[in-house]
Amino acid sequence: MPPNAIRKLAPALARHAAALALAFVFLVPLAWIVAASLRQPGLPPPRTIQWLPNPPSWANYLAIFNFPSVPLARYALNSLVVASAAVVLTAVTASWTGLAMALAPARWQARLVMFSIALLLVPAGALWLPRFVLFTWLHLIDSYGALLAPALMGSSPLFVLLFYWTYRRLPAELFESAQLDGAGLLTLWWRLALPLSTATLVAVGILTFLLYWSDFVNPLLFLKTPDLYTLPIGISQLKAMDRNNWPLLLAAAVFMTAPTVALFLVVQRFFLGENKLHL
Amino acid sequence: MSASSPRTPTQPAVTAQRWQRQQQAALIGLLLPYVLGALVLVVIPGVLALGLSFSYYDGLSAPSWWGLRNYRMFFIDPLERIAVANSLYFTLLAVPLRVLGALGLALLLRRPGRGVGLYRAAVYLPTVIPDVAYALIWLWVFNPLFGPLNLLLGVLGLPQPAWLADAATAKLVFVFMSLFQIGEGFVVLLAGLQTIPADYADAATVDGAGPVSFFRYITLPLLAPWLILLTVRDLIWSFQYTFTPSLLMTQGDPYHATLFLPLLSFEETFANLRFGMGAAILVVMFACSFALVLAFYAVVRRWTRADAA
């Protein structure tokens, strides 16, 4: 190979090597816990790094559902119910708000975008104490209403902005023709806006699901009846009861993480790949 | 469609205007859940937290006026000062590293090409792991006796710290685990890099600019708004980031080395039923992040002035 070609190729090769090494660093903790979760129950902890236990055992994945006094399957179902309800509510309210913003006069569009960005900067996770007091006064404590309240405002200002940016890009003639037909705003939303924003709907739906499936702090604070507990609470209970049973705890962690990784792999092309959402 | 868009006075436009007037109520109706939700879930709780911080409230009987007594605890009780120091330590170390990490990854993986999509997905993946699972993962990785990290360090003949069991290293574990969840900043900077026109790079190459001066004089100034937004957001968010890991992994131990402000607020509120004190800690936390944002703003102002001169 002529030295010129090597000089051209070398940076690309170095770039790939660096990227590969970094990808490895980011993935290795996940690989470690999957390996640890497959260790046979009852064995002493390993004294050397195990990339794959020999023989691998699925016993821990059955044990997490048969743990006394922690009905993890029930909690997982509760999580599924809460997250699904949140997805539907969020899809409606976030797209309503996004559409209304896109149809509002320009002055109000700018104000609402600023308002949303200001909301994004508020550390909402730090408002749990006054929310607890407020929800107590509103008698929402110990109900899924307390968990789902944010879904009534689109769950996150980011989701609202995603819909706003999507609808703003739609050609004005579309809305004009609907107006000529005398269609109301709700008809416009249902017949025109929603079908034209399926990519945003899928992306926001998945991000919403991840948000509520992973939520630990809100159920920790707002739920009291064990029958209502969600998966994150159940796993923190497992940890409190059997703190040194690492294969069991890590199997629970993998069980909870697997759906988020699968959904992320579906949604990642929207914001990491070539055909990403145009922000 | 905006009302200010130019329109010729033809029949359809009149219809459209009438339609718009008719639908104005409906438009407000669609906006209502969002605006009301923000009011009930963000604005009112913010005001309520401020009010509670000046009162004594045990969650049962009515709150009573308490003046500055909750805030005075920051000068009396060493725990409050330890928590402020711990939270500032975490933020001042984690935020610059997180922003620089996201910037480095975005620069490395900006160009489309073979495998880049996979690398980007790998980098983002830890960000989607649920908090509880994430805490368990690092509790295992940093286990001093049989965690894979210390086993690896042992194989390499390196020292094996006690990590979370040692007050000297416990906070570093929290900083370290926060560095793996930088997917959002990474995507924001990736989007920012896409907005830099390709012909800038061509023009700079013609002018004979090396990669370093190109980054310093083209990329960095054009990326600055994104970097500033990201840093401000991270300065605010990093204070609450420590809550779940500290609650699940250490509960503030050893010797209060991982007692951060949100954990202290949680304990004061629900273990000691001192809601007013818990609210005062949240207000102090908010004031800390606000002060850091102002300080950052002052630094940025000085830099841009020096650049312009």
# chains A, B, ... in the order shown; residues from 1 in each chain; ligands from 1
>>> residues_around(residues="B:Pro245", least_positions_apart="3", cutoff="9 Å", atoms="only C-alpha atoms", output="VMD selection string")
chain B and resid 131 to 132 134 to 136 174 241 to 242 248 to 251
>>> interface_residues(of="chain B", to="chain A", cutoff="6 Å", atoms="only C-alpha atoms", output="MDAnalysis selection string")
chainID B and resid 1:3 27 30:31 33:34 37 45 48:49 117 119 122:123 129:130 133 148 233 237
>>> select_by_dssp(residues="stretch 76-181 of chain B", states="alpha helix (DSSP H)", output="ChimeraX atom specification")
/B:76,78-108,116-124,131-141,148-155,170-178
>>> closest_residue(among="A:Ile206, A:Leu162, A:Leu228, A:Leu188", to="A:Ala146", atoms="only C-alpha atoms")
A:Leu228
>>> closest_residue(among="A:Leu140, A:Ala5, A:Val28, A:Ala17", to="B:Phe180", atoms="only C-alpha atoms")
A:Val28
>>> residues_around(residues="A:Ser69", least_positions_apart="6", cutoff="12 Å", atoms="only C-alpha atoms", output="compact mmCIF listing (two decimals) with all heavy atoms, in the first residue's frame")
# COMPACT_ATOMS: atom_id res chain seq x y z
N TYR A 75 -46.49 -7.20 40.66
CA TYR A 75 -45.94 -5.84 40.59
C TYR A 75 -45.59 -5.49 39.14
O TYR A 75 -45.79 -4.34 38.71
CB TYR A 75 -44.70 -5.70 41.47
CG TYR A 75 -44.97 -5.88 42.95
CD1 TYR A 75 -43.93 -6.09 43.84
CD2 TYR A 75 -46.27 -5.81 43.46
CE1 TYR A 75 -44.17 -6.23 45.20
CE2 TYR A 75 -46.52 -5.96 44.81
CZ TYR A 75 -45.46 -6.18 45.68
OH TYR A 75 -45.70 -6.33 47.02
N PRO A 226 -49.72 -2.58 49.47
CA PRO A 226 -48.80 -3.45 48.73
C PRO A 226 -49.37 -3.96 47.42
O PRO A 226 -48.61 -4.17 46.46
CB PRO A 226 -48.54 -4.60 49.72
CG PRO A 226 -48.74 -3.97 51.06
CD PRO A 226 -49.83 -2.96 50.88
N ASP A 227 -50.71 -4.17 47.35
CA ASP A 227 -51.30 -4.68 46.11
C ASP A 227 -51.08 -3.73 44.93
O ASP A 227 -51.15 -4.14 43.78
CB ASP A 227 -52.81 -4.89 46.29
CG ASP A 227 -53.10 -6.20 46.98
OD1 ASP A 227 -52.14 -6.99 47.13
OD2 ASP A 227 -54.25 -6.43 47.37
N GLY A 234 -40.99 -3.42 44.12
CA GLY A 234 -40.78 -4.84 44.40
C GLY A 234 -39.31 -5.20 44.41
O GLY A 234 -38.85 -5.94 45.29
N GLN A 237 -37.64 -4.05 47.42
CA GLN A 237 -37.98 -4.93 48.54
C GLN A 237 -37.12 -6.20 48.53
O GLN A 237 -36.62 -6.63 49.57
CB GLN A 237 -39.45 -5.33 48.48
CG GLN A 237 -40.39 -4.24 48.91
CD GLN A 237 -41.82 -4.73 48.93
OE1 GLN A 237 -42.18 -5.61 48.15
NE2 GLN A 237 -42.64 -4.15 49.78
N LEU A 238 -36.96 -6.78 47.32
CA LEU A 238 -36.07 -7.95 47.20
C LEU A 238 -34.70 -7.63 47.77
O LEU A 238 -34.10 -8.41 48.51
CB LEU A 238 -35.89 -8.33 45.73
CG LEU A 238 -36.92 -9.19 45.01
CD1 LEU A 238 -36.36 -9.59 43.65
CD2 LEU A 238 -37.23 -10.44 45.82
N MET A 241 -34.59 -7.59 51.48
CA MET A 241 -34.80 -8.86 52.16
C MET A 241 -33.66 -9.84 51.96
O MET A 241 -33.41 -10.66 52.83
CB MET A 241 -36.10 -9.49 51.67
CG MET A 241 -37.32 -8.74 52.15
SD MET A 241 -38.78 -9.55 51.55
CE MET A 241 -40.02 -8.60 52.38
>>> atom_distance(atom1="atom CA of B:Phe90", atom2="atom CA of B:Trp140")
21.1 Å
>>> closest_residue(among="A:Ala199, A:Asn245, A:Thr230, A:Leu80", to="A:Pro41", atoms="only C-alpha atoms")
A:Asn245
>>> closest_residue(among="A:Gly145, A:Arg169, A:Leu248, A:Val113", to="A:Tyr61", atoms="only C-alpha atoms")
A:Leu248
>>> atom_distance(atom1="atom CA of B:Val232", atom2="atom CA of B:Met177")
20.1 Å
>>> residues_around(residues="stretch 202-209 of chain B", least_positions_apart="6", cutoff="10 Å", atoms="only C-alpha atoms", output="list in words")
Phe215, Tyr217 and Ile218 of chain B
>>> atom_distance(atom1="atom CA of B:Ala26", atom2="atom CA of A:Leu158")
22.9 Å
>>> residues_around(residues="B:Asn272", least_positions_apart="6", cutoff="12 Å", atoms="only C-alpha atoms", output="list in words")
Tyr57, Asp58, Gly59, Leu264, Ser265, Phe266 and Gly278 of chain B
>>> write_last_selection(atoms="N, CA, C and O atoms", output="mmCIF file, in the first residue's frame")
data_model
loop_
_atom_site.group_PDB
_atom_site.id
_atom_site.type_symbol
_atom_site.label_atom_id
_atom_site.label_comp_id
_atom_site.auth_asym_id
_atom_site.auth_seq_id
_atom_site.Cartn_x
_atom_site.Cartn_y
_atom_site.Cartn_z
ATOM 1 N N TYR B 57 -44.471 21.604 60.121
ATOM 2 C CA TYR B 57 -45.580 20.785 59.636
ATOM 3 C C TYR B 57 -45.183 19.327 59.772
ATOM 4 O O TYR B 57 -44.119 18.924 59.305
ATOM 5 N N ASP B 58 -46.039 18.527 60.446
ATOM 6 C CA ASP B 58 -45.709 17.109 60.619
ATOM 7 C C ASP B 58 -46.550 16.227 59.710
ATOM 8 O O ASP B 58 -46.538 15.008 59.834
ATOM 9 N N GLY B 59 -47.304 16.842 58.784
ATOM 10 C CA GLY B 59 -48.113 16.066 57.851
ATOM 11 C C GLY B 59 -49.475 15.715 58.406
ATOM 12 O O GLY B 59 -50.292 15.164 57.681
ATOM 13 N N LEU B 264 -31.244 13.683 52.459
ATOM 14 C CA LEU B 264 -31.478 14.303 53.764
ATOM 15 C C LEU B 264 -32.900 14.856 53.846
ATOM 16 O O LEU B 264 -33.585 14.697 54.864
ATOM 17 N N SER B 265 -33.353 15.485 52.753
ATOM 18 C CA SER B 265 -34.712 16.019 52.722
ATOM 19 C C SER B 265 -35.729 14.896 52.896
ATOM 20 O O SER B 265 -36.693 15.023 53.660
ATOM 21 N N PHE B 266 -35.496 13.777 52.212
ATOM 22 C CA PHE B 266 -36.390 12.616 52.306
ATOM 23 C C PHE B 266 -36.437 12.097 53.739
ATOM 24 O O PHE B 266 -37.514 11.806 54.276
ATOM 25 N N GLY B 278 -37.694 19.450 55.596
ATOM 26 C CA GLY B 278 -37.475 18.815 54.292
ATOM 27 C C GLY B 278 -37.629 19.813 53.162
ATOM 28 O O GLY B 278 -36.837 19.810 52.215
#
